[in-house]
$ cat my_file05.cif   # mmCIF, C-alpha atoms
data_entry
loop_
_atom_site.label_atom_id
_atom_site.label_comp_id
_atom_site.auth_asym_id
_atom_site.auth_seq_id
_atom_site.Cartn_x
_atom_site.Cartn_y
_atom_site.Cartn_z
CA GLN I 16 0.00 0.00 0.00
CA LYS I 17 1.31 3.41 -0.99
CA GLU I 18 1.85 5.76 1.94
CA VAL I 19 -0.16 8.54 0.27
CA GLU I 20 -2.78 7.69 -2.30
CA GLN I 21 -4.74 9.92 -4.60
CA ASN I 22 -7.24 9.24 -7.33
CA SER I 23 -5.22 9.95 -10.47
CA GLY I 24 -8.29 11.27 -12.26
CA PRO I 25 -8.67 13.04 -14.50
CA LEU I 26 -11.31 14.95 -12.62
CA SER I 27 -13.35 17.20 -14.84
CA VAL I 28 -15.67 19.91 -13.50
CA PRO I 29 -17.47 22.82 -15.15
CA GLU I 30 -16.41 26.38 -14.47
CA GLY I 31 -17.98 27.70 -11.28
CA ALA I 32 -18.47 24.28 -9.72
CA ILE I 33 -16.81 22.87 -6.60
CA ALA I 34 -13.87 20.56 -7.27
CA SER I 35 -13.21 17.96 -4.58
CA LEU I 36 -9.80 16.33 -4.45
CA ASN I 37 -9.17 13.46 -2.07
CA CYS I 38 -6.17 11.83 -0.49
CA THR I 39 -5.74 8.95 1.95
CA TYR I 40 -2.66 8.00 3.91
CA SER I 41 -1.55 4.80 5.58
CA ASP I 42 0.88 6.02 8.24
CA ARG I 43 -0.89 7.17 11.39
CA GLY I 44 2.33 8.92 12.34
CA SER I 45 1.73 11.50 9.64
CA GLN I 46 0.89 14.78 11.30
CA SER I 47 1.02 17.52 8.67
CA PHE I 48 -0.41 17.64 5.19
CA PHE I 49 0.27 19.85 2.23
CA TRP I 50 -1.48 20.49 -1.06
CA TYR I 51 0.59 21.55 -4.04
CA ARG I 52 -0.60 22.63 -7.47
CA GLN I 53 1.56 21.72 -10.44
CA TYR I 54 0.95 23.09 -13.90
CA SER I 55 2.28 21.03 -16.77
CA GLY I 56 6.02 21.50 -17.09
CA LYS I 57 6.22 23.62 -13.96
CA SER I 58 7.30 23.01 -10.38
CA PRO I 59 4.91 22.32 -7.48
CA GLU I 60 3.41 25.41 -5.89
CA LEU I 61 2.22 25.26 -2.28
CA ILE I 62 -1.43 26.24 -1.96
CA MET I 63 -2.56 24.90 1.44
CA PHE I 64 -1.25 23.13 4.50
CA ILE I 65 -3.13 21.69 7.46
CA TYR I 66 -1.90 20.30 10.77
CA SER I 67 -5.08 19.86 12.81
CA ASN I 68 -8.29 17.92 12.40
CA GLY I 69 -11.08 19.91 10.80
CA ASP I 70 -11.29 22.50 8.07
CA LYS I 71 -8.94 25.26 7.04
CA GLU I 72 -10.10 27.88 4.58
CA ASP I 73 -8.07 30.24 2.41
CA GLY I 74 -10.01 32.13 -0.23
CA ARG I 75 -11.58 29.64 -2.63
CA PHE I 76 -9.65 26.74 -1.12
CA THR I 77 -10.62 24.60 1.88
CA ALA I 78 -8.43 21.82 3.20
CA GLN I 79 -10.02 19.15 5.38
CA LEU I 80 -8.21 16.69 7.62
CA ASN I 81 -9.69 13.68 9.40
CA LYS I 82 -6.94 11.84 11.25
CA ALA I 83 -9.28 9.11 12.50
CA SER I 84 -10.18 8.20 8.94
CA GLN I 85 -6.67 9.05 7.61
CA TYR I 86 -8.23 11.24 5.00
CA VAL I 87 -7.30 14.64 3.59
CA SER I 88 -9.24 16.62 1.03
CA LEU I 89 -9.03 19.87 -0.88
CA LEU I 90 -12.14 21.71 -2.02
CA ILE I 91 -11.90 24.40 -4.67
CA ARG I 92 -14.97 26.60 -4.83
CA ASP I 93 -15.99 28.54 -7.93
CA SER I 94 -13.51 26.59 -10.02
CA GLN I 95 -11.82 28.50 -12.83
CA PRO I 96 -10.12 27.23 -15.99
CA SER I 97 -6.87 28.54 -14.48
CA ASP I 98 -7.28 25.94 -11.70
CA SER I 99 -6.68 23.20 -14.27
CA ALA I 100 -3.53 21.46 -13.07
CA THR I 101 -2.29 18.41 -11.22
CA TYR I 102 -2.86 18.61 -7.47
CA LEU I 103 -0.36 16.82 -5.26
CA CYS I 104 -1.11 15.73 -1.71
CA ALA I 105 1.87 15.28 0.61
CA GLY I 106 2.17 14.09 4.17
CA MET I 107 4.90 14.66 6.74
CA LYS I 108 5.52 12.35 9.68
CA GLY I 109 5.58 13.76 13.16
CA GLY I 110 8.85 12.07 14.03
CA SER I 111 10.91 13.04 11.01
CA ASN I 112 9.32 16.44 10.61
CA TYR I 113 10.87 17.15 7.27
CA LYS I 114 10.37 14.46 4.66
CA LEU I 115 7.37 14.96 2.42
CA THR I 116 5.78 11.83 1.00
CA PHE I 117 3.79 12.67 -2.09
CA GLY I 118 0.86 11.03 -3.77
CA LYS I 119 0.95 10.61 -7.54
CA GLY I 120 -1.36 13.59 -8.00
CA THR I 121 -4.85 14.18 -9.38
CA LEU I 122 -5.27 15.90 -12.73
CA LEU I 123 -8.05 18.47 -12.56
CA THR I 124 -9.62 19.98 -15.66
CA VAL I 125 -12.04 22.90 -15.31
CA ASN I 126 -14.12 23.31 -18.44
CA PRO I 127 -15.25 26.80 -19.47
CA GLY Y 1428 14.95 36.84 -6.52
CA ALA Y 1429 12.65 35.89 -3.68
CA GLY Y 1430 12.14 32.25 -4.59
CA VAL Y 1431 14.25 29.11 -4.76
CA SER Y 1432 16.61 29.34 -7.70
CA GLN Y 1433 17.93 26.30 -9.54
CA SER Y 1434 20.44 26.02 -12.36
CA PRO Y 1435 20.73 24.93 -15.02
CA SER Y 1436 17.06 24.72 -15.98
CA ASN Y 1437 17.85 22.04 -18.53
CA LYS Y 1438 20.82 19.72 -18.87
CA VAL Y 1439 21.45 17.21 -21.61
CA THR Y 1440 24.49 15.00 -21.24
CA GLU Y 1441 25.88 11.73 -22.41
CA LYS Y 1442 25.71 8.56 -20.40
CA GLY Y 1443 28.76 8.21 -18.17
CA LYS Y 1444 29.37 11.93 -17.71
CA ASP Y 1445 29.19 13.69 -14.36
CA VAL Y 1446 26.66 16.46 -13.76
CA GLU Y 1447 26.33 19.10 -11.09
CA LEU Y 1448 23.01 20.73 -10.22
CA ARG Y 1449 22.79 23.89 -8.16
CA CYS Y 1450 20.17 25.20 -5.76
CA ASP Y 1451 20.01 28.61 -4.11
CA PRO Y 1452 17.33 28.57 -1.39
CA ILE Y 1453 15.09 31.37 -0.20
CA SER Y 1454 17.12 33.75 1.92
CA GLY Y 1455 16.95 32.82 5.60
CA HIS Y 1456 15.65 29.29 5.02
CA THR Y 1457 17.76 26.90 7.08
CA ALA Y 1458 16.32 23.69 5.69
CA LEU Y 1459 16.94 22.53 2.14
CA TYR Y 1460 15.67 19.45 0.33
CA TRP Y 1461 16.28 17.68 -2.95
CA TYR Y 1462 13.54 15.67 -4.65
CA ARG Y 1463 13.33 13.90 -7.97
CA GLN Y 1464 10.29 13.68 -10.21
CA SER Y 1465 10.24 11.01 -12.87
CA LEU Y 1466 7.50 10.28 -15.34
CA GLY Y 1467 5.06 7.95 -13.68
CA GLN Y 1468 7.02 7.86 -10.42
CA GLY Y 1469 5.84 10.96 -8.69
CA LEU Y 1470 8.01 13.07 -6.43
CA GLU Y 1471 10.57 11.19 -4.37
CA PHE Y 1472 12.71 12.52 -1.55
CA LEU Y 1473 16.47 12.42 -2.03
CA ILE Y 1474 18.20 14.31 0.78
CA TYR Y 1475 17.60 16.88 3.53
CA PHE Y 1476 19.96 19.54 4.84
CA GLN Y 1477 19.64 21.44 8.09
CA GLY Y 1478 22.25 24.13 7.83
CA ASN Y 1479 25.27 22.48 6.24
CA SER Y 1480 24.55 19.06 7.72
CA ALA Y 1481 22.65 16.29 5.97
CA PRO Y 1482 20.93 14.23 8.69
CA ASP Y 1483 19.09 12.15 6.11
CA LYS Y 1484 20.60 10.93 2.87
CA SER Y 1485 18.36 7.89 2.74
CA GLY Y 1486 16.69 8.85 -0.52
CA LEU Y 1487 19.85 9.01 -2.62
CA PRO Y 1488 19.42 6.18 -5.17
CA SER Y 1489 23.04 5.05 -5.28
CA ASP Y 1490 26.56 6.05 -4.30
CA ARG Y 1491 26.84 7.88 -7.62
CA PHE Y 1492 24.70 10.59 -6.05
CA SER Y 1493 26.12 13.07 -3.57
CA ALA Y 1494 25.17 16.50 -2.30
CA GLU Y 1495 26.69 19.23 -0.25
CA ARG Y 1496 25.66 22.55 1.16
CA THR Y 1497 28.01 25.35 2.05
CA GLY Y 1498 27.56 28.48 4.12
CA GLY Y 1499 24.08 27.35 5.07
CA SER Y 1500 22.93 28.48 1.66
CA VAL Y 1501 23.74 27.10 -1.79
CA SER Y 1502 23.58 23.37 -2.36
CA THR Y 1503 24.90 21.25 -5.18
CA LEU Y 1504 23.71 17.79 -6.16
CA THR Y 1505 26.30 15.79 -8.08
CA ILE Y 1506 25.59 12.70 -10.12
CA GLN Y 1507 28.64 10.76 -11.23
CA ARG Y 1508 28.78 8.40 -14.20
CA THR Y 1509 25.22 9.24 -15.22
CA GLN Y 1510 22.89 6.51 -16.40
CA GLN Y 1511 19.76 6.80 -18.52
CA GLU Y 1512 17.57 6.02 -15.51
CA ASP Y 1513 18.87 9.24 -13.93
CA SER Y 1514 16.80 11.23 -16.43
CA ALA Y 1515 14.24 13.17 -14.41
CA VAL Y 1516 13.40 16.61 -13.10
CA TYR Y 1517 15.46 17.38 -10.01
CA LEU Y 1518 13.65 19.73 -7.66
CA CYS Y 1519 15.06 21.68 -4.77
CA ALA Y 1520 12.92 23.05 -1.95
CA SER Y 1521 13.62 25.09 1.14
CA SER Y 1522 11.81 25.99 4.35
CA TRP Y 1523 12.30 28.08 7.50
CA GLY Y 1524 12.96 24.92 9.43
CA HIS Y 1525 11.82 21.35 9.69
CA ASN Y 1526 8.07 20.81 9.85
CA GLN Y 1527 7.52 24.02 7.91
CA PRO Y 1528 5.97 24.33 4.44
CA GLN Y 1529 8.48 23.64 1.71
CA HIS Y 1530 8.77 25.91 -1.31
CA PHE Y 1531 10.07 24.50 -4.56
CA GLY Y 1532 12.31 25.89 -7.25
CA ASP Y 1533 11.62 25.49 -10.95
CA GLY Y 1534 13.76 22.38 -11.17
CA THR Y 1535 16.48 21.08 -13.45
CA ARG Y 1536 15.33 18.81 -16.26
CA LEU Y 1537 18.11 16.28 -16.73
CA SER Y 1538 18.23 14.17 -19.87
CA ILE Y 1539 20.82 11.43 -20.29
CA LEU Y 1540 21.43 10.36 -23.86
#
$ encode --input "my_file05.cif" --output "structure tokens"
Amino acid sequence: QKEVEQNSGPLSVPEGAIASLNCTYSDRGSQSFFWYRQYSGKSPELIMFIYSNGDKEDGRFTAQLNKASQYVSLLIRDSQPSDSATYLCAGMKGGSNYKLTFGKGTLLTVNP
Amino acid sequence: GAGVSQSPSNKVTEKGKDVELRCDPISGHTALYWYRQSLGQGLEFLIYFQGNSAPDKSGLPSDRFSAERTGGSVSTLTIQRTQQEDSAVYLCASSWGHNQPQHFGDGTRLSIL
């Protein structure tokens, strides 16, 4: 079992809709989670991070963490064509506190 | 610039040659990381620096790979006797310290002929 798993997609949503990206992890020692956006041919760009159970909102983005279910999600409200990219979920263990373990990413396409 | 800077952006070399990749982290960031992104493999951790020390080199694929960091700033990743399987995008990231969000540079796309 991969440490961090994501649905590879592609996920296609119409402009203005809510895009929901999901991630599960196997190591209960993982404490912190990060969402990166990666446009084709570009480097990952940090968009959200979450350390505690519950929701964290930043503009159109909401990250959700449920440690009991070992589940992390990213919601993008009012999706725009410019949101079309691969979204990478990464976890960091509490002990090591530095090594990010990435999922393979979910390709999101927002259709105008 | 304000972000992580990597050079060269692209490198094409022949199998068996040595290559050196450079990373200049965000000013003030004490932690520096190297990752590799291969087609179909996702992002994999290579090495972590805290200051000039590398407490974790566990991700380096073989002894052909080495890295150093000097002055708590610039880091170089060296690959000796390159092989075709070394072809990938090598990404550097930095952060204020461990357990802090990591910010990535634009990467070096390495192609081994």
$ resolve_selection --input "my_file05.cif" --expression "the PyMOL selection byres ((chain Y and resi 1443) around 7)" --output "list in words"
Glu1441, Lys1442, Lys1444, Asp1445, Arg1508, Thr1509 and Gln1510 of chain Y
$ residues_around --input "my_file05.cif" --residues "I:Cys38" --least-positions-apart "6" --cutoff "7 Å" --atoms "all atoms listed in the file" --output "VMD selection string"
chain I and resid 19 to 21 86 to 88 104
$ closest_atom_pairs --input "my_file05.cif" --of "chain I" --to "chain Y" --cutoff "6 Å" --atoms "all atoms listed in the file" --output "CSV"
residue,atom,partner,partner_atom,distance
I:Ser58,CA,Y:Asp1533,CA,5.0
I:Asn112,CA,Y:Asn1526,CA,4.6
I:Tyr113,CA,Y:His1525,CA,4.9
I:Lys119,CA,Y:Gly1469,CA,5.0
$ resolve_selection --input "my_file05.cif" --expression "the PyMOL selection byres ((chain Y and resi 1500-1507) around 7)" --output "list in words"
Lys1444, Asp1445, Val1446, Glu1447, Leu1448, Arg1449, Cys1450, Asp1451, Pro1452, Arg1491, Phe1492, Ser1493, Ala1494, Glu1495, Arg1496, Thr1497, Gly1498, Gly1499, Arg1508 and Thr1509 of chain Y
$ atom_distance --input "my_file05.cif" --atom1 "atom CA of Y:Asp1513" --atom2 "atom CA of Y:Asn1437"
13.6 Å
$ atom_distance --input "my_file05.cif" --atom1 "atom CA of Y:Ala1481" --atom2 "atom CA of I:Arg52"
27.6 Å
$ atom_distance --input "my_file05.cif" --atom1 "atom CA of Y:Leu1537" --atom2 "atom CA of I:Tyr54"
18.7 Å
$ resolve_selection --input "my_file05.cif" --expression "the PyMOL selection byres ((chain Y and resi 1539) around 6)" --output "MDAnalysis selection string"
chainID Y and resid 1439:1442 1511 1514 1538 1540
